[in-house]
Amino acid sequence: MAETLPASGSLVSSEIKTIFKDRMDELLVDLGRKITLHLKSTVEDCPNCGFNDATRRSNRKYNSSNPNTLNGPKHRAFSDGQICPICNDQGVLKTPRSTMYTATISKKVSQAELLQSGIGRMDKIYCKTGTVIDSYDDVINCETAFIDGLIFERAAEPIKTGLQTLIRVKTIWVRAE
C-alpha cells in the first residue's frame, strides 16, 4: 500500500524552522566546547634554495634571486653544498594549519551508531561531535582533531543533519594511537 502524507510544508512553517535553527545554535553555544581540527599542511618550494627532483630534497644551492628580505625568516645566504638554513635540506617549506570550532561532544557512542557508520568495533575509544554545517569541508580534510585534550582521527564520514535545512555536521572520531 502506498504511503499517504500531508502536503509538503503544511505542518512546519518557515517561522518554526527558523526558531529551531536559532535554538540549536544557542544549545551549541551553551553546551559546546572548542575542538581543533588539524588540516593538511601547506607546502611551498623553499625560496632560499632549489629543489632536486632526483633526491626529492634541496639541491643545496643558494638562490640569490630569493625575493624575501635578506636575513628575514625566509632568506639566509649559505655556501653551495651546505644545508639550507631555511628548509633544513627539505627543499620545501611546510606550514601547519588548524582551525577551531565549537562542538557538542559525547564520549558515549553506542554499538548501533558504530554499526550504522560502518565501524562495528567497540574495542577502541570513540567520541562523537556536532558542529556547524560550515565545518563540513574542514572535517573531511582534517588529519586529526584535538578534542578534550586528546588526539582523534575521523572514524567515519561526517553526516549532515538538520530539519529540512542542513545545519549540523555529526562526526564519529576514534582515539589516535
# chains A, B, ... in the order shown; residues from 1 in each chain; ligands from 1
$ closest_atom_pairs --of "range 69-92 of chain A" --to "range 39-51 of chain A" --cutoff "9 Å" --atoms "only C-alpha atoms" --output "Markdown table"
| residue | atom | partner | partner_atom | distance |
| --- | --- | --- | --- | --- |
| A:Lys74 | CA | A:Asn48 | CA | 6.7 |
| A:His75 | CA | A:Asn48 | CA | 5.6 |
| A:Arg76 | CA | A:Asn48 | CA | 6.9 |
| A:Ala77 | CA | A:Asn48 | CA | 7.7 |
| A:Cys84 | CA | A:Cys49 | CA | 6.7 |
| A:Pro85 | CA | A:Asn48 | CA | 8.4 |
| A:Ile86 | CA | A:Asn48 | CA | 6.7 |
| A:Cys87 | CA | A:Cys46 | CA | 6.3 |
| A:Asp89 | CA | A:Cys49 | CA | 8.9 |
| A:Gln90 | CA | A:Phe51 | CA | 8.1 |
| A:Gly91 | CA | A:Phe51 | CA | 4.9 |
| A:Val92 | CA | A:Asp45 | CA | 4.4 |
$ write_last_selection --atoms "N, CA and C atoms" --output "PDB file, in the first residue's frame"
ATOM      1  N   LYS A  74      62.754  33.957   5.708  1.00  0.00           N
ATOM      2  CA  LYS A  74      62.811  33.046   4.557  1.00  0.00           C
ATOM      3  C   LYS A  74      63.975  33.365   3.618  1.00  0.00           C
ATOM      4  N   HIS A  75      65.007  34.054   4.141  1.00  0.00           N
ATOM      5  CA  HIS A  75      66.140  34.392   3.281  1.00  0.00           C
ATOM      6  C   HIS A  75      67.426  34.468   4.101  1.00  0.00           C
ATOM      7  N   ARG A  76      68.283  33.443   3.922  1.00  0.00           N
ATOM      8  CA  ARG A  76      69.596  33.422   4.580  1.00  0.00           C
ATOM      9  C   ARG A  76      70.602  32.844   3.590  1.00  0.00           C
ATOM     10  N   ALA A  77      71.619  33.626   3.319  1.00  0.00           N
ATOM     11  CA  ALA A  77      72.672  33.157   2.405  1.00  0.00           C
ATOM     12  C   ALA A  77      73.428  31.991   3.037  1.00  0.00           C
ATOM     13  N   CYS A  84      70.631  24.060   3.520  1.00  0.00           N
ATOM     14  CA  CYS A  84      69.885  25.319   3.508  1.00  0.00           C
ATOM     15  C   CYS A  84      69.351  25.592   4.921  1.00  0.00           C
ATOM     16  N   PRO A  85      69.636  26.780   5.475  1.00  0.00           N
ATOM     17  CA  PRO A  85      69.171  27.083   6.836  1.00  0.00           C
ATOM     18  C   PRO A  85      67.675  27.379   6.932  1.00  0.00           C
ATOM     19  N   ILE A  86      67.001  27.551   5.817  1.00  0.00           N
ATOM     20  CA  ILE A  86      65.567  27.848   5.844  1.00  0.00           C
ATOM     21  C   ILE A  86      64.736  26.563   5.854  1.00  0.00           C
ATOM     22  N   CYS A  87      65.046  25.649   4.945  1.00  0.00           N
ATOM     23  CA  CYS A  87      64.230  24.421   4.840  1.00  0.00           C
ATOM     24  C   CYS A  87      64.903  23.205   5.457  1.00  0.00           C
ATOM     25  N   ASP A  89      67.356  21.375   4.392  1.00  0.00           N
ATOM     26  CA  ASP A  89      67.657  20.367   3.356  1.00  0.00           C
ATOM     27  C   ASP A  89      66.413  19.684   2.776  1.00  0.00           C
ATOM     28  N   GLN A  90      65.219  20.196   3.076  1.00  0.00           N
ATOM     29  CA  GLN A  90      63.996  19.578   2.561  1.00  0.00           C
ATOM     30  C   GLN A  90      63.644  20.055   1.151  1.00  0.00           C
ATOM     31  N   GLY A  91      64.015  21.278   0.824  1.00  0.00           N
ATOM     32  CA  GLY A  91      63.680  21.840  -0.486  1.00  0.00           C
ATOM     33  C   GLY A  91      62.280  22.434  -0.535  1.00  0.00           C
ATOM     34  N   VAL A  92      61.499  22.191   0.504  1.00  0.00           N
ATOM     35  CA  VAL A  92      60.137  22.728   0.593  1.00  0.00           C
ATOM     36  C   VAL A  92      59.900  23.220   2.025  1.00  0.00           C
TER      37      VAL A  92
END
$ closest_residue --among "A:Thr131, A:Ser117, A:Thr36, A:Gln164" --to "Ile16 in chain A" --atoms "only C-alpha atoms"
A:Gln164
$ residues_around --residues "Met24 in chain A" --least-positions-apart "5" --cutoff "10 Å" --atoms "only C-alpha atoms" --output "number ranges by chain"
A: 18-19, 29-30, 132, 162, 167-168
$ select_by_dssp --residues "chain A" --states "alpha helix (DSSP H)" --output "ChimeraX atom specification"
/A:14-31,111-116,136-141
$ write_last_selection --atoms "N, CA and C atoms" --output "PDB file, in the first residue's frame"
ATOM      1  N   SER A  14       7.939  28.163   8.068  1.00  0.00           N
ATOM      2  CA  SER A  14       9.306  28.674   7.996  1.00  0.00           C
ATOM      3  C   SER A  14       9.687  29.354   9.308  1.00  0.00           C
ATOM      4  N   GLU A  15       8.704  29.906  10.020  1.00  0.00           N
ATOM      5  CA  GLU A  15       8.973  30.533  11.317  1.00  0.00           C
ATOM      6  C   GLU A  15       9.434  29.481  12.327  1.00  0.00           C
ATOM      7  N   ILE A  16       8.801  28.334  12.335  1.00  0.00           N
ATOM      8  CA  ILE A  16       9.189  27.259  13.249  1.00  0.00           C
ATOM      9  C   ILE A  16      10.575  26.738  12.877  1.00  0.00           C
ATOM     10  N   LYS A  17      10.884  26.639  11.601  1.00  0.00           N
ATOM     11  CA  LYS A  17      12.210  26.196  11.162  1.00  0.00           C
ATOM     12  C   LYS A  17      13.275  27.179  11.620  1.00  0.00           C
ATOM     13  N   THR A  18      12.990  28.463  11.540  1.00  0.00           N
ATOM     14  CA  THR A  18      13.938  29.489  11.996  1.00  0.00           C
ATOM     15  C   THR A  18      14.143  29.405  13.500  1.00  0.00           C
ATOM     16  N   ILE A  19      13.057  29.221  14.246  1.00  0.00           N
ATOM     17  CA  ILE A  19      13.156  29.075  15.702  1.00  0.00           C
ATOM     18  C   ILE A  19      13.991  27.847  16.044  1.00  0.00           C
ATOM     19  N   PHE A  20      13.749  26.740  15.327  1.00  0.00           N
ATOM     20  CA  PHE A  20      14.507  25.510  15.557  1.00  0.00           C
ATOM     21  C   PHE A  20      16.000  25.762  15.354  1.00  0.00           C
ATOM     22  N   LYS A  21      16.379  26.399  14.259  1.00  0.00           N
ATOM     23  CA  LYS A  21      17.787  26.661  13.979  1.00  0.00           C
ATOM     24  C   LYS A  21      18.386  27.572  15.044  1.00  0.00           C
ATOM     25  N   ASP A  22      17.671  28.622  15.417  1.00  0.00           N
ATOM     26  CA  ASP A  22      18.173  29.545  16.442  1.00  0.00           C
ATOM     27  C   ASP A  22      18.395  28.825  17.768  1.00  0.00           C
ATOM     28  N   ARG A  23      17.470  27.973  18.173  1.00  0.00           N
ATOM     29  CA  ARG A  23      17.606  27.252  19.440  1.00  0.00           C
ATOM     30  C   ARG A  23      18.747  26.231  19.377  1.00  0.00           C
ATOM     31  N   MET A  24      18.918  25.598  18.238  1.00  0.00           N
ATOM     32  CA  MET A  24      20.026  24.653  18.074  1.00  0.00           C
ATOM     33  C   MET A  24      21.363  25.384  18.172  1.00  0.00           C
ATOM     34  N   ASP A  25      21.446  26.587  17.608  1.00  0.00           N
ATOM     35  CA  ASP A  25      22.666  27.392  17.707  1.00  0.00           C
ATOM     36  C   ASP A  25      22.925  27.791  19.153  1.00  0.00           C
ATOM     37  N   GLU A  26      21.871  28.149  19.882  1.00  0.00           N
ATOM     38  CA  GLU A  26      22.022  28.514  21.291  1.00  0.00           C
ATOM     39  C   GLU A  26      22.506  27.314  22.109  1.00  0.00           C
ATOM     40  N   LEU A  27      21.976  26.131  21.824  1.00  0.00           N
ATOM     41  CA  LEU A  27      22.435  24.924  22.512  1.00  0.00           C
ATOM     42  C   LEU A  27      23.912  24.664  22.233  1.00  0.00           C
ATOM     43  N   LEU A  28      24.315  24.859  20.999  1.00  0.00           N
ATOM     44  CA  LEU A  28      25.724  24.656  20.636  1.00  0.00           C
ATOM     45  C   LEU A  28      26.617  25.608  21.421  1.00  0.00           C
ATOM     46  N   VAL A  29      26.206  26.862  21.513  1.00  0.00           N
ATOM     47  CA  VAL A  29      26.993  27.845  22.264  1.00  0.00           C
ATOM     48  C   VAL A  29      27.009  27.498  23.756  1.00  0.00           C
ATOM     49  N   ASP A  30      25.859  27.145  24.316  1.00  0.00           N
ATOM     50  CA  ASP A  30      25.767  26.870  25.752  1.00  0.00           C
ATOM     51  C   ASP A  30      26.428  25.549  26.159  1.00  0.00           C
ATOM     52  N   LEU A  31      26.285  24.511  25.345  1.00  0.00           N
ATOM     53  CA  LEU A  31      26.775  23.186  25.727  1.00  0.00           C
ATOM     54  C   LEU A  31      28.076  22.784  25.034  1.00  0.00           C
ATOM     55  N   GLN A 111      26.899   0.897  20.184  1.00  0.00           N
ATOM     56  CA  GLN A 111      27.213  -0.131  19.187  1.00  0.00           C
ATOM     57  C   GLN A 111      26.398   0.114  17.915  1.00  0.00           C
ATOM     58  N   ALA A 112      25.130   0.508  18.074  1.00  0.00           N
ATOM     59  CA  ALA A 112      24.264   0.763  16.912  1.00  0.00           C
ATOM     60  C   ALA A 112      24.807   1.913  16.062  1.00  0.00           C
ATOM     61  N   GLU A 113      25.265   2.986  16.716  1.00  0.00           N
ATOM     62  CA  GLU A 113      25.828   4.118  15.970  1.00  0.00           C
ATOM     63  C   GLU A 113      27.083   3.709  15.208  1.00  0.00           C
ATOM     64  N   LEU A 114      27.915   2.883  15.837  1.00  0.00           N
ATOM     65  CA  LEU A 114      29.131   2.413  15.166  1.00  0.00           C
ATOM     66  C   LEU A 114      28.783   1.531  13.970  1.00  0.00           C
ATOM     67  N   LEU A 115      27.796   0.655  14.144  1.00  0.00           N
ATOM     68  CA  LEU A 115      27.378  -0.209  13.037  1.00  0.00           C
ATOM     69  C   LEU A 115      26.787   0.610  11.894  1.00  0.00           C
ATOM     70  N   GLN A 116      25.953   1.611  12.219  1.00  0.00           N
ATOM     71  CA  GLN A 116      25.368   2.478  11.191  1.00  0.00           C
ATOM     72  C   GLN A 116      26.444   3.226  10.416  1.00  0.00           C
ATOM     73  N   TYR A 136      31.985  21.336   7.590  1.00  0.00           N
ATOM     74  CA  TYR A 136      31.990  20.062   6.850  1.00  0.00           C
ATOM     75  C   TYR A 136      33.280  19.837   6.060  1.00  0.00           C
ATOM     76  N   ASP A 137      33.682  20.796   5.238  1.00  0.00           N
ATOM     77  CA  ASP A 137      34.892  20.618   4.415  1.00  0.00           C
ATOM     78  C   ASP A 137      36.135  20.440   5.285  1.00  0.00           C
ATOM     79  N   ASP A 138      36.216  21.194   6.385  1.00  0.00           N
ATOM     80  CA  ASP A 138      37.369  21.051   7.277  1.00  0.00           C
ATOM     81  C   ASP A 138      37.366  19.684   7.955  1.00  0.00           C
ATOM     82  N   VAL A 139      36.205  19.179   8.338  1.00  0.00           N
ATOM     83  CA  VAL A 139      36.128  17.848   8.953  1.00  0.00           C
ATOM     84  C   VAL A 139      36.570  16.788   7.940  1.00  0.00           C
ATOM     85  N   ILE A 140      36.132  16.927   6.702  1.00  0.00           N
ATOM     86  CA  ILE A 140      36.528  15.982   5.642  1.00  0.00           C
ATOM     87  C   ILE A 140      38.040  16.021   5.414  1.00  0.00           C
ATOM     88  N   ASN A 141      38.617  17.218   5.421  1.00  0.00           N
ATOM     89  CA  ASN A 141      40.027  17.387   5.065  1.00  0.00           C
ATOM     90  C   ASN A 141      40.997  17.333   6.237  1.00  0.00           C
TER      91      ASN A 141
END
$ closest_atom_pairs --of "range 5-91 of chain A" --to "range 149-158 of chain A" --cutoff "12 Å" --atoms "only C-alpha atoms" --output "tab-separated table"
residue	atom	partner	partner_atom	distance
A:Arg33	CA	A:Gly149	CA	11.4
A:Lys34	CA	A:Gly149	CA	10.4
A:Ile35	CA	A:Gly149	CA	9.1
A:Thr36	CA	A:Ile151	CA	9.5
A:Leu37	CA	A:Phe152	CA	9.5
A:His38	CA	A:Ile151	CA	9.8
A:Leu39	CA	A:Glu153	CA	11.5
$ closest_residue --among "A:Thr171, A:Val109, A:Ala103, A:Tyr126" --to "Gly32 in chain A" --atoms "only C-alpha atoms"
A:Ala103
$ select_by_dssp --residues "range 106-156 of chain A" --states "strand (DSSP E or B)" --output "PyMOL selection string"
chain A and resi 106+126-132+142-147+150-154
$ atom_distance --atom1 "CA of Lys94 in chain A" --atom2 "CA of Thr69 in chain A"
19.5 Å
$ atom_distance --atom1 "CA of Ala176 in chain A" --atom2 "CA of Thr144 in chain A"
8.0 Å
$ closest_residue --among "A:Ala2, A:Leu11, A:Ile133, A:Ile105" --to "Leu166 in chain A" --atoms "only C-alpha atoms"
A:Ile133
$ atom_distance --atom1 "CA of Asp123 in chain A" --atom2 "CA of Ile172 in chain A"
14.4 Å
